[in-house]
Amino acid sequence: MTMTDAASGVDTLSRLLAYESIRQLAARYAVAVDAKDSETIAGLFVPDVRAGEGRTGRPALRAVYDELLAEHPRTILNVGTHVIDLLSEDAASGVVYCRGELEWGEQWVVQAIVYHDDYERHQGEWLFRRRRHLLFYGADVLERPNDLPPAGRPEFGRGRGSMPQYWPTWRRYAAEHGFGPAATPASERR
Amino acid sequence: VSRLGSWAPATVDERLDRMESLAAIRQLPSRYALALDSRDMAALADLFVPDVRAGSEVGRDALRRWFTGILQASRTTIHVVTNHIVDFDDADHARGVVYCRDQLERPDTGRWEIGDLQYWDDYERVDGEWCFRRRKFHRWYLTDALSRPAHGAGVNDGSDPLAARQLPEAFPTWAPYWELVGQAAGRES
């Protein structure tokens, strides 16, 4: 048994701890969003996190989340599929799927979310360096996602998002193999 | 039998090795889902043992061709993996059960299918790398997003390219449970 992984040069216990800590990050983010706990959310990111519009730091990020969290009274984020790539002793990247349910006016919106994450170990603690929030779609629970208009930018809302076309492998597959015959427009469907 | 299967590691090194194996095995179903949904056909086939069986053929190339073909029936696919149990048989062999909620966009019918399924997995460590030896695939249902799920809906009705067994009947404990409670009910009446 090798105690050190040749690819990343990280010892066994550090690797195990990295996997568990990073899985906890994704789950803690979801719980904190649903609990409207912007302080905890901001604390899951590195201290010099970028918060948009040239601002950096956790207080700035917290202000961003305070605004975002006010948009929907109730949210339910269910984290699933989580791919983790350990890059070095202190850096990792990941892809996380999440099924989101959002109370949205009279609608109950379901979102199929994908986060593309960068993780960093800062003073011994694994944190988000960056979370890219991308959508397959967001739709009312009684809507079929097929014919939705494109989602806005950034992709927090309703409509078809940039997944799966975001993935280069998906675009290559689509160009080389295509998919079944095009859908009949909804207006001509019986 | 421990909570991690029948294998009982003898040393601290073996116990540590089992934890590393568990971490690697837990990545497999997530990597499978991401490779499917991003249509990364090479990465998908590489998750299986080099001598994987693909229909009447053997090997990763054959499996990649098979997946490439069946995935043309759907456009967007979304596989959200959740519950995952792992049982170790020895240091290099394990079995698992994985839950998955899948969504399939069907360009030919204009439907958006939503389903609940399970994988019954065999894992094997080959040259230090944990792989799928085999994934068996079972389903509760697969149905359009705007219709109410029902027992057996969409299971092997031709809309799904994979041959699935019907859940929950596929659980070996399912029928015995109903026999037991049926007998109990019979005694009461």
# chains A, B, ... in the order shown; residues from 1 in each chain; ligands from 1
>>> interface_residues(of="chain B", to="chain A", cutoff="7 Å", atoms="only C-alpha atoms", output="PyMOL selection string")
chain B and resi 20+23+27+30-31+38-40+72-76+80-82+105+107-110+112+145-146
>>> select_by_dssp(residues="segment 6-54 of chain B", states="helix (DSSP H, G or I)", output="VMD selection string")
chain B and resid 12 to 37 41 to 46
>>> write_last_selection(atoms="C-alpha atoms", output="PDB file, in the first residue's frame")
ATOM      1  CA  VAL B  12      -3.975  -0.430  10.779  1.00  0.00           C
ATOM      2  CA  ASP B  13      -2.485  -0.188   7.287  1.00  0.00           C
ATOM      3  CA  GLU B  14      -5.311  -2.356   5.953  1.00  0.00           C
ATOM      4  CA  ARG B  15      -7.906  -0.242   7.722  1.00  0.00           C
ATOM      5  CA  LEU B  16      -6.398   2.925   6.258  1.00  0.00           C
ATOM      6  CA  ASP B  17      -6.315   1.271   2.840  1.00  0.00           C
ATOM      7  CA  ARG B  18     -10.007   0.422   3.208  1.00  0.00           C
ATOM      8  CA  MET B  19     -10.810   4.098   3.908  1.00  0.00           C
ATOM      9  CA  GLU B  20      -8.893   5.151   0.793  1.00  0.00           C
ATOM     10  CA  SER B  21     -10.726   2.508  -1.189  1.00  0.00           C
ATOM     11  CA  LEU B  22     -14.047   3.744   0.174  1.00  0.00           C
ATOM     12  CA  ALA B  23     -13.200   7.311  -0.890  1.00  0.00           C
ATOM     13  CA  ALA B  24     -12.277   6.102  -4.382  1.00  0.00           C
ATOM     14  CA  ILE B  25     -15.373   3.892  -4.707  1.00  0.00           C
ATOM     15  CA  ARG B  26     -17.662   6.720  -3.594  1.00  0.00           C
ATOM     16  CA  GLN B  27     -16.308   8.801  -6.487  1.00  0.00           C
ATOM     17  CA  LEU B  28     -17.199   6.149  -9.080  1.00  0.00           C
ATOM     18  CA  PRO B  29     -21.012   6.671  -9.296  1.00  0.00           C
ATOM     19  CA  SER B  30     -20.598  10.472  -9.332  1.00  0.00           C
ATOM     20  CA  ARG B  31     -17.966  10.277 -12.056  1.00  0.00           C
ATOM     21  CA  TYR B  32     -20.212   7.904 -14.017  1.00  0.00           C
ATOM     22  CA  ALA B  33     -23.121  10.381 -13.771  1.00  0.00           C
ATOM     23  CA  LEU B  34     -20.982  13.353 -14.801  1.00  0.00           C
ATOM     24  CA  ALA B  35     -19.401  11.437 -17.707  1.00  0.00           C
ATOM     25  CA  LEU B  36     -22.866  10.382 -18.973  1.00  0.00           C
ATOM     26  CA  ASP B  37     -24.362  13.863 -18.697  1.00  0.00           C
ATOM     27  CA  MET B  41     -17.461   8.739 -23.544  1.00  0.00           C
ATOM     28  CA  ALA B  42     -13.761   7.969 -22.956  1.00  0.00           C
ATOM     29  CA  ALA B  43     -13.961   8.899 -19.261  1.00  0.00           C
ATOM     30  CA  LEU B  44     -17.138   6.808 -18.917  1.00  0.00           C
ATOM     31  CA  ALA B  45     -15.588   3.637 -20.357  1.00  0.00           C
ATOM     32  CA  ASP B  46     -12.402   4.120 -18.310  1.00  0.00           C
TER      33      ASP B  46
END
>>> select_by_dssp(residues="segment 19-157 of chain A", states="strand (DSSP E or B)", output="PyMOL selection string")
chain A and resi 45+50+56+75-86+91-104+107-122+125-140+150
>>> atom_distance(atom1="atom CA of Gly100 of chain A", atom2="atom CA of Val31 of chain A")
11.7 Å
>>> closest_residue(among="B:Asp116, B:Asp51, B:Asp61, B:Glu124", to="Val155 of chain B", atoms="only C-alpha atoms")
B:Asp116
>>> closest_residue(among="B:Glu179, B:Asp157, B:Asp121, B:Glu57", to="Val98 of chain B", atoms="only C-alpha atoms")
B:Asp121
>>> atom_distance(atom1="atom CA of Thr56 of chain A", atom2="atom CA of Ser162 of chain A")
26.1 Å
>>> atom_distance(atom1="atom CA of Val110 of chain A", atom2="atom CA of Ala139 of chain A")
5.4 Å
>>> closest_residue(among="A:Leu135, A:Val46, A:Ala51, A:Leu102", to="Asp34 of chain A", atoms="only C-alpha atoms")
A:Leu102
>>> residues_around(residues="Pro50 of chain B", least_positions_apart="4", cutoff="12 Å", atoms="only C-alpha atoms", output="PyMOL selection string")
chain B and resi 45-46+54+58-64+124-127+129-134
>>> closest_residue(among="B:Ala91, B:Phe67, B:Gly115, B:Arg148", to="His79 of chain B", atoms="only C-alpha atoms")
B:Gly115
>>> closest_residue(among="B:Gln118, B:Gln166, B:Gln183, B:Thr11", to="His151 of chain B", atoms="only C-alpha atoms")
B:Gln166
